[in-house]
Structure formats: structure tokens, C-alpha cells
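Enquirer: Dropping in final_20.txt, with compact mmCIF, C-alpha atoms and all ligand atoms.
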# COMPACT_ATOMS: atom_id res chain seq x y z
CA VAL A 1 20.36 2.52 1.54
CA GLU A 2 18.15 3.37 -1.42
CA ASN A 3 14.62 1.92 -1.32
CA GLN A 4 14.95 1.13 2.37
CA ARG A 5 11.67 0.38 4.15
CA THR A 6 10.18 2.87 6.58
CA PRO A 7 9.03 1.30 9.89
CA LEU A 8 5.39 0.28 9.76
CA SER A 9 4.38 2.48 12.68
CA GLU A 10 5.42 5.56 10.67
CA ARG A 11 3.93 4.49 7.37
CA GLU A 12 0.26 5.21 8.03
CA SER A 13 0.76 8.90 8.68
CA LEU A 14 3.04 9.19 5.62
CA THR A 15 0.37 7.65 3.41
CA GLU A 16 -2.27 9.66 1.55
CA ASN A 17 -3.61 6.76 -0.51
CA ALA A 18 -6.91 5.65 1.09
CA LEU A 19 -6.50 1.96 0.23
CA ASN A 20 -3.01 1.83 1.71
CA LYS A 21 -4.16 3.57 4.87
CA LYS A 22 -6.71 0.78 5.28
CA ILE A 23 -4.20 -1.95 4.39
CA LEU A 24 -1.62 -0.65 6.87
CA SER A 25 -4.21 -0.46 9.61
CA VAL A 26 -5.42 -4.03 8.91
CA MET A 27 -1.82 -5.26 8.89
CA ARG A 28 -1.03 -3.72 12.26
CA LYS A 29 -4.30 -4.81 13.82
CA LYS A 30 -3.98 -8.43 12.64
CA LYS A 31 -0.18 -8.54 12.86
CA SER A 32 -0.08 -9.94 9.38
CA ASN A 33 1.71 -9.12 6.15
CA LEU A 34 0.50 -12.35 4.58
CA CYS A 35 -1.65 -12.37 1.45
CA LEU A 36 -3.03 -15.79 0.62
CA ALA A 37 -3.36 -16.70 -3.08
CA ILE A 38 -6.26 -19.13 -3.33
CA ASP A 39 -6.00 -20.71 -6.76
CA TYR A 40 -8.71 -23.35 -6.37
CA THR A 41 -11.12 -23.90 -9.22
CA THR A 42 -14.50 -24.04 -7.49
CA SER A 43 -16.32 -21.33 -5.54
CA GLU A 44 -16.94 -23.62 -2.62
CA GLU A 45 -13.27 -24.50 -2.16
CA VAL A 46 -12.21 -20.87 -2.41
CA LEU A 47 -14.82 -19.68 0.10
CA GLN A 48 -14.08 -22.52 2.51
CA LEU A 49 -10.37 -21.69 2.67
CA ALA A 50 -11.08 -17.93 2.76
CA GLU A 51 -13.17 -18.43 5.87
CA ILE A 52 -10.48 -20.52 7.54
CA ALA A 53 -7.70 -18.14 6.51
CA GLY A 54 -9.51 -14.90 7.39
CA PRO A 55 -7.99 -14.39 10.86
CA PHE A 56 -4.40 -14.90 9.65
CA VAL A 57 -4.24 -12.85 6.47
CA MET A 58 -4.47 -9.18 5.50
CA ALA A 59 -5.57 -10.02 1.95
CA ILE A 60 -6.92 -12.85 -0.16
CA LYS A 61 -5.93 -13.00 -3.80
CA VAL A 62 -8.01 -14.81 -6.41
CA HIS A 63 -8.07 -15.44 -10.14
CA ALA A 64 -11.78 -15.09 -10.90
CA ASP A 65 -11.33 -16.54 -14.38
CA ALA A 66 -9.88 -19.75 -12.93
CA ILE A 67 -13.03 -20.44 -10.90
CA THR A 68 -15.11 -22.69 -13.11
CA ASP A 69 -18.46 -21.91 -11.44
CA PHE A 70 -17.78 -18.20 -10.88
CA SER A 71 -20.99 -16.29 -10.09
CA GLU A 72 -22.35 -13.18 -8.39
CA GLU A 73 -23.28 -15.36 -5.45
CA PHE A 74 -19.60 -16.20 -5.04
CA THR A 75 -18.54 -12.55 -4.98
CA ARG A 76 -21.39 -11.67 -2.60
CA LYS A 77 -20.15 -14.32 -0.16
CA LEU A 78 -16.51 -13.32 -0.60
CA THR A 79 -17.22 -9.63 0.07
CA THR A 80 -19.25 -10.55 3.16
CA LEU A 81 -16.33 -12.60 4.47
CA ALA A 82 -13.89 -9.78 3.71
CA ASN A 83 -16.06 -7.21 5.49
CA ASP A 84 -16.61 -9.46 8.51
CA MET A 85 -13.03 -10.72 8.81
CA ASP A 86 -11.23 -7.57 7.73
CA PHE A 87 -9.23 -8.65 4.71
CA ILE A 88 -8.61 -7.01 1.33
CA ILE A 89 -9.97 -8.70 -1.80
CA PHE A 90 -7.30 -8.83 -4.47
CA GLU A 91 -8.16 -9.91 -8.04
CA ASP A 92 -4.96 -10.72 -9.92
CA ARG A 93 -6.34 -10.03 -13.40
CA LYS A 94 -3.22 -8.28 -14.75
CA PHE A 95 -5.04 -5.86 -17.04
CA GLY A 96 -2.90 -4.99 -20.05
CA ASP A 97 -4.79 -3.37 -22.92
CA THR A 98 -6.06 0.00 -24.13
CA GLY A 99 -7.67 2.10 -21.42
CA ASN A 100 -11.06 1.69 -23.04
CA THR A 101 -10.79 -2.11 -23.08
CA ASN A 102 -9.48 -2.19 -19.51
CA LEU A 103 -12.59 -0.28 -18.48
CA LEU A 104 -14.93 -2.63 -20.38
CA GLN A 105 -13.28 -5.64 -18.76
CA LEU A 106 -13.42 -4.14 -15.24
CA LYS A 107 -17.19 -3.70 -15.62
CA GLY A 108 -17.69 -6.81 -17.80
CA ALA A 109 -18.93 -10.36 -17.23
CA GLN A 110 -17.21 -10.73 -13.89
CA LYS A 111 -17.93 -7.16 -12.67
CA ILE A 112 -14.46 -7.10 -11.11
CA ALA A 113 -14.63 -3.40 -10.14
CA SER A 114 -17.72 -4.14 -8.06
CA TRP A 115 -16.17 -6.66 -5.69
CA ALA A 116 -12.37 -6.37 -5.79
CA ASP A 117 -10.56 -3.85 -3.58
CA VAL A 118 -7.41 -4.00 -5.66
CA VAL A 119 -6.36 -5.42 -9.05
CA THR A 120 -3.07 -5.96 -10.83
CA VAL A 121 -2.23 -4.07 -14.01
CA HIS A 122 0.68 -4.46 -16.43
CA ALA A 123 2.71 -1.33 -17.08
CA VAL A 124 3.34 -2.34 -20.70
CA GLN A 125 0.34 -0.40 -22.10
CA GLY A 126 1.60 2.94 -20.77
CA THR A 127 0.33 5.65 -18.39
CA ASP A 128 -2.58 6.99 -20.44
CA SER A 129 -4.23 3.57 -20.63
CA ILE A 130 -3.83 3.06 -16.89
CA ALA A 131 -4.16 6.11 -14.65
CA GLY A 132 -7.25 7.89 -16.01
CA VAL A 133 -9.39 4.80 -16.44
CA PHE A 134 -8.65 3.35 -13.03
CA ARG A 135 -8.94 6.76 -11.34
CA GLN A 136 -12.46 7.08 -12.77
CA LEU A 137 -13.59 3.82 -11.14
CA ILE A 138 -11.69 4.30 -7.90
CA ASN A 139 -13.33 7.70 -7.38
CA ASP A 140 -16.80 6.33 -8.19
CA PRO A 141 -18.55 5.21 -4.97
CA ASN A 142 -20.63 2.69 -6.95
CA TYR A 143 -17.53 0.52 -7.27
CA ARG A 144 -15.57 -1.26 -4.54
CA LEU A 145 -12.30 -0.99 -6.46
CA SER A 146 -9.92 1.30 -4.59
CA GLY A 147 -6.45 0.69 -5.94
CA VAL A 148 -4.08 -0.75 -8.48
CA LEU A 149 -0.86 -2.73 -8.15
CA LEU A 150 1.51 -2.37 -11.09
CA ILE A 151 3.52 -5.40 -12.16
CA ALA A 152 7.09 -4.16 -11.81
CA GLN A 153 8.75 -7.59 -11.77
CA LEU A 154 7.28 -11.03 -12.42
CA SER A 155 8.51 -13.96 -10.35
CA THR A 156 8.83 -16.27 -13.34
CA LYS A 157 12.04 -17.59 -14.84
CA GLY A 158 13.15 -15.56 -17.85
CA SER A 159 10.51 -12.86 -17.38
CA LEU A 160 10.88 -9.90 -19.74
CA THR A 161 10.27 -7.50 -16.86
CA ALA A 162 14.02 -7.95 -16.31
CA LEU A 163 14.81 -6.18 -19.60
CA ASP A 164 16.80 -2.99 -19.15
CA GLY A 165 14.64 -0.11 -17.93
CA TYR A 166 11.31 -1.95 -17.72
CA THR A 167 11.02 -1.97 -13.95
CA GLU A 168 12.30 1.62 -13.65
CA SER A 169 9.74 2.86 -16.19
CA THR A 170 7.00 1.02 -14.31
CA VAL A 171 8.06 2.63 -11.06
CA SER A 172 7.88 6.11 -12.66
CA ILE A 173 4.27 5.51 -13.73
CA ALA A 174 3.38 4.54 -10.17
CA GLU A 175 5.25 7.36 -8.46
CA GLU A 176 3.45 9.93 -10.63
CA ASN A 177 -0.01 8.47 -9.92
CA ARG A 178 0.08 7.57 -6.24
CA ASP A 179 -3.63 8.31 -5.69
CA VAL A 180 -4.51 5.40 -7.99
CA ILE A 181 -1.50 3.11 -7.86
CA SER A 182 -1.03 1.85 -4.35
CA GLY A 183 2.00 -0.34 -4.94
CA PHE A 184 3.78 -3.01 -6.90
CA ILE A 185 4.04 -6.66 -7.59
CA ALA A 186 7.78 -7.15 -7.49
CA GLN A 187 10.59 -9.37 -6.29
CA THR A 188 12.71 -6.67 -4.64
CA ARG A 189 11.74 -3.28 -3.21
CA VAL A 190 11.51 -1.03 -6.25
CA SER A 191 10.62 2.46 -5.00
CA GLY A 192 11.86 4.80 -2.30
CA PHE A 193 8.35 6.18 -1.75
CA SER A 194 7.26 4.76 1.59
CA ASP A 195 3.56 5.09 0.71
CA LEU A 196 3.86 2.59 -2.15
CA LEU A 197 3.56 -0.99 -0.89
CA ASN A 198 5.70 -3.82 -2.26
CA TRP A 199 3.76 -7.08 -2.58
CA THR A 200 5.81 -10.11 -3.52
CA PRO A 201 4.75 -13.48 -4.94
CA GLY A 202 7.13 -16.40 -5.39
CA VAL A 203 7.33 -17.35 -1.71
CA ASN A 204 7.44 -20.93 -0.49
CA LEU A 205 9.30 -22.33 2.50
CA ASP A 206 9.43 -25.91 1.21
CA ALA A 207 9.94 -25.78 -2.56
CA LYS A 208 12.01 -23.83 -5.12
CA THR A 209 10.23 -24.33 -8.45
CA ASP A 210 7.05 -25.85 -9.88
CA SER A 211 8.54 -26.84 -13.28
CA ALA A 212 6.13 -24.40 -14.99
CA GLY A 213 8.24 -21.26 -14.64
CA GLN A 214 7.52 -20.27 -11.05
CA GLN A 215 10.51 -19.42 -8.85
CA TRP A 216 10.06 -19.53 -5.08
CA ARG A 217 12.28 -18.28 -2.27
CA GLY A 218 11.90 -18.12 1.48
CA VAL A 219 10.41 -15.41 3.67
CA ASP A 220 13.74 -14.10 5.02
CA GLU A 221 14.97 -13.50 1.50
CA ALA A 222 11.70 -11.80 0.50
CA ILE A 223 11.26 -9.58 3.57
CA ASP A 224 14.73 -9.10 5.10
CA VAL A 225 17.01 -9.13 2.10
CA GLN A 226 14.71 -7.91 -0.69
CA GLN A 227 12.80 -5.49 1.55
CA ASN A 228 9.26 -6.32 0.45
CA ASP A 229 6.28 -5.43 2.64
CA ILE A 230 3.75 -8.19 1.93
CA ILE A 231 4.29 -11.82 0.93
CA ILE A 232 1.86 -13.56 -1.42
CA VAL A 233 1.74 -17.29 -0.71
CA GLY A 234 -0.21 -19.79 -2.78
CA ARG A 235 0.63 -23.47 -2.89
CA GLY A 236 2.73 -23.28 0.27
CA VAL A 237 -0.66 -23.18 1.95
CA THR A 238 -3.17 -24.38 -0.63
CA SER A 239 -1.37 -27.64 -1.47
CA SER A 240 -0.77 -28.50 2.17
CA SER A 241 -2.83 -31.07 4.03
CA GLU A 242 -2.63 -28.76 7.06
CA PRO A 243 -3.42 -25.28 5.71
CA VAL A 244 -4.05 -23.72 9.13
CA GLN A 245 -0.64 -24.77 10.37
CA GLN A 246 0.95 -23.35 7.24
CA LEU A 247 -1.02 -20.10 7.53
CA LYS A 248 0.21 -19.66 11.09
CA ARG A 249 3.75 -20.50 10.05
CA TYR A 250 3.96 -18.07 7.12
CA ARG A 251 2.16 -15.35 9.04
CA ARG A 252 4.49 -15.61 12.06
CA ILE A 253 7.75 -15.72 10.11
CA ALA A 254 6.76 -12.89 7.76
CA TRP A 255 5.44 -10.66 10.53
CA GLU A 256 8.54 -11.18 12.71
CA ALA A 257 10.73 -10.22 9.76
CA LEU A 258 8.75 -7.05 9.01
CA ALA A 259 8.28 -5.99 12.63
CA LYS A 260 12.07 -5.91 13.09
CA ASP A 261 12.00 -2.51 11.33
CA ASP A 262 10.05 -1.05 14.23
CA GLU A 263 12.44 -2.39 16.86
CA SER A 264 15.67 -1.01 15.43
F1 LIG A 301 2.49 -11.26 -10.78
C1 LIG A 301 2.68 -12.46 -10.31
C2 LIG A 301 3.98 -13.04 -10.31
O1 LIG A 301 4.96 -12.43 -10.73
N1 LIG A 301 4.11 -14.29 -9.79
C3 LIG A 301 3.05 -14.97 -9.26
O2 LIG A 301 3.24 -16.09 -8.79
C4 LIG A 301 1.62 -13.17 -9.78
N2 LIG A 301 1.80 -14.40 -9.25
C5 LIG A 301 0.62 -15.07 -8.67
O3 LIG A 301 0.87 -15.35 -7.29
C6 LIG A 301 0.27 -16.37 -9.33
O4 LIG A 301 -0.66 -16.13 -10.36
C7 LIG A 301 -0.35 -17.16 -8.18
O5 LIG A 301 -1.72 -16.84 -8.03
C8 LIG A 301 0.37 -16.64 -6.95
C9 LIG A 301 1.54 -17.50 -6.48
O6 LIG A 301 1.10 -18.77 -6.08
P1 LIG A 301 2.14 -19.96 -5.75
O7 LIG A 301 1.25 -21.15 -5.61
O8 LIG A 301 2.84 -19.57 -4.47
O9 LIG A 301 3.07 -20.05 -6.92
Output the file's structure in the form of C-alpha cells.
Expert:
Amino acid sequence: VENQRTPLSERESLTENALNKKILSVMRKKKSNLCLAIDYTTSEEVLQLAEIAGPFVMAIKVHADAITDFSEEFTRKLTTLANDMDFIIFEDRKFGDTGNTNLLQLKGAQKIASWADVVTVHAVQGTDSIAGVFRQLINDPNYRLSGVLLIAQLSTKGSLTALDGYTESTVSIAEENRDVISGFIAQTRVSGFSDLLNWTPGVNLDAKTDSAGQQWRGVDEAIDVQQNDIIIVGRGVTSSSEPVQQLKRYRRIAWEALAKDDES
């Protein structure tokens, strides 16, 4: 089958990309392919849940520009938690402009390149505005940033990423720049390269839509059928009155589904 997943135990040695080597090792150590999307609007709420979630997740995703009291103190605390609890910090900024502007924004008010391990980038602006600029920061030891996820498919209803050729063109950009681009945001597995990781949002075990464009499906669909590597879960956990129970639930179901590859 095209774009079939390689068992996790074989992936690390097949991977050159430094960020993905780290991610794969964290995943195996913590037995987790769960990334938690914490879309709370105050620093305190985000940090509180990050601390609780730390043991169960391999990554925590934030939207810095949704945090109303965002500050350097917040990112200092978040990076300390990430270092102590071994999770990846993922800023879902979705950069999508000229290379020069992308660079200004990465170093700008929020200093994203200084605290995020990985950021999302739209493919729409083309290779020259992506690869060189991000490579420059990723290779600079003064910045924490170590990888990029390209948006190959959005989870939203009616997304234009479904237009003919868009996803395929995105995948080509990634496959040709695998030192910088460590994977995709997608709904289904989009590349046959086993060193590119497929992260998938739009996962919820108890709801299908949010009436604002989001489309959710279950973990079996996302991991078994659509062959993704990592699930990104937001409100399935963050809107629950029992977040720890939900974290354990999503982590267990997603890990069991992924670990099946290594048994067969
Ligand atoms: F690129 C994408 C996408 O295609 N769909 C998404 O939902 C990103 N996301 C993010 O994942 C979105 O911005 C949220 O931060 C998160 C999903 O959270 P939810 O609460 O599970 O919908």
C-alpha cells in the first residue's frame, strides 16, 4: 500500500532529521502519540494544564496569539516544563507570507523561534519563502526552533487544501527539504517517506463538529484507517471536567492503535 506507515521501532534509525529523532524517542519512551492542543486564553490556565498533561503527551500545541496575557515569563515557564517533562513545544502559527516577513515574525514580538521547537507553515507561499528562511533559524543554536510542519490538509469543512494538486505540491516541498520540514499537518497519510511525521488534528471521541467549521473523527479512523502518526486533541480534553481521565483515554487508544504496527 502506498504511504503505508513503517513500524515505530524502525523509524528512528531511518530518520536523519534531528527533531524527528527526538520526537520518536520521546514517543517510545512515554508510549504516547498524543499532542495536546491547549487553546486557553490565559497563561496560568495553559501552564496549569501543561503541567498536568506533561506525563501523558509527547507534545503541547499552543496559539501564542490567543493568550491574552502572553509574556516572556510564560514562555520561560513553558520551556522549563517541556525540558523537565520531556515534551515538544509546538506553536501553531501557520506562517504564510514572504520569506522575509516570515523571518521577521519568527523573531518578532512573541520571539516564537526562541521558545518553540516546531511551528506550522502554509505551503501556499512556495518553497523559496519557506526552506531557506526556516533552515537559517533551525541551524542557528541561538534559537530553539528545530523544525517545520507543512499544512498539507486542513481539517475544516470546505478547506481549499482539497483543491486538485494542492496537497501533492505541498508534499513535494517537504520531501525535497527534509532537513527543515519534519512532517505534515494532514488528515490522511500524505507521504511515503517514513522520516516525515504525519500529525493530525480534528480528533474527538465524543463530538463530530463544533458548528464553526471543525470536523472531528475518532482515533481509529485517524490512526488505523488514515495512517497518521500523531493525534492532536484539543477540546476533547480541554473542555472536559475531567481532563486527566480524557488524557489517559486518548493516549491509551491512540498508542494501542499505533503500536499495532510493531506487532504485525
Ligand atoms: F491545521 C489545523 C487544522 O487543520 N485543524 C485544526 O484543528 C490546526 N488545527 C488546530 O488543532 C486548531 O487550531 C486547534 O488548536 C486544534 C484542534 O483543537 P480541537 O479543540 O480538537 O478542535
Enquirer: Hey, what's within 8 Å of Glu91 of chain A if we count only C-alpha atoms and toss same-chain stuff fewer than 3 positions away? As a PyMOL selection string, please?
Expert: chain A and resi 61-64+112+116-120
Enquirer: May I have the residues within 7 Å of Leu197 of chain A as a list in words, using all atoms listed in the file and disregarding those fewer than 2 positions away in the same chain?
Expert: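 Those residues are Ser182, Gly183, Phe184, Asp195, Trp199 and Asp229 of chain A.
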Enquirer: I'd like the contact shell of Gln187 of chain A - 8 Å cut-off, all atoms listed in the file, skipping same-chain residues fewer than 4 positions apart - returned as a PyMOL selection string.
Expert: chain A and resi 153-155+200-202+222+226+228
Enquirer: Within 12 Å of (3.2, 6.8, -12.1) (coordinates as in the file), grab all the protein and nucleic acid residues, counting only C-alpha atoms, and write them out as a PyMOL selection string.
Expert: chain A and resi 123+126-132+148-150+152+167-184+191+193+196
Enquirer: What residues of the protein or nucleic acid chains come within 10 Å of ligand LIG 301 (chain A) when you use all atoms listed in the file? Reply as a PyMOL selection string.
Expert: chain A and resi 35-40+61-63+66+91-94+120-122+149-157+159+161+184-187+199-205+207-210+212-217+231-239
Enquirer: Mind giving me the straight-line distance from atom CA of Ile230 of chain A to atom CA of Val133 of chain A in Å, one decimal?
Expert: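 Between atom CA of Ile230 of chain A and atom CA of Val133 of chain A the gap is 26.1 Å.
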Enquirer: Of the candidates A:Pro55, A:Gly96, A:Gly147, A:Gly108, which one gets nearest to Ala18 of chain A if we count only C-alpha atoms?
Expert: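 Smallest separation from Ala18 of chain A among the options: A:Gly147.
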Enquirer: Report, in Å with one decimal, the straight-line distance from atom CA of Ser211 of chain A to atom CA of Ser241 of chain A.
Expert: 21.1 Å
Enquirer: Rounded to one decimal, what separation in Å do you get between atom CA of Gly99 of chain A and atom CA of Ser114 of chain A?
Expert: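 Atom-to-atom, atom CA of Gly99 of chain A and atom CA of Ser114 of chain A are spaced 17.8 Å apart.
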Enquirer: Name the residues in contact with Ser194 of chain A at a cut-off of 9 Å, using all atoms listed in the file, excluding same-chain residues fewer than 4 positions from it; report them as a VMD selection string.
Expert: chain A and resid 3 to 6 11 14 to 15
Enquirer: Under the rule that all atoms listed in the file are counted, which of A:Val46, A:Ile88, A:Leu163, A:Leu103 is the nearest residue to Trp115 of chain A?
Expert: A:Ile88
Enquirer: I need the residue nearest Thr101 of chain A from this list: A:Gln227, A:Arg144, A:Gln125, A:Gln245. Use all atoms listed in the file for the distance.
Expert: A:Gln125
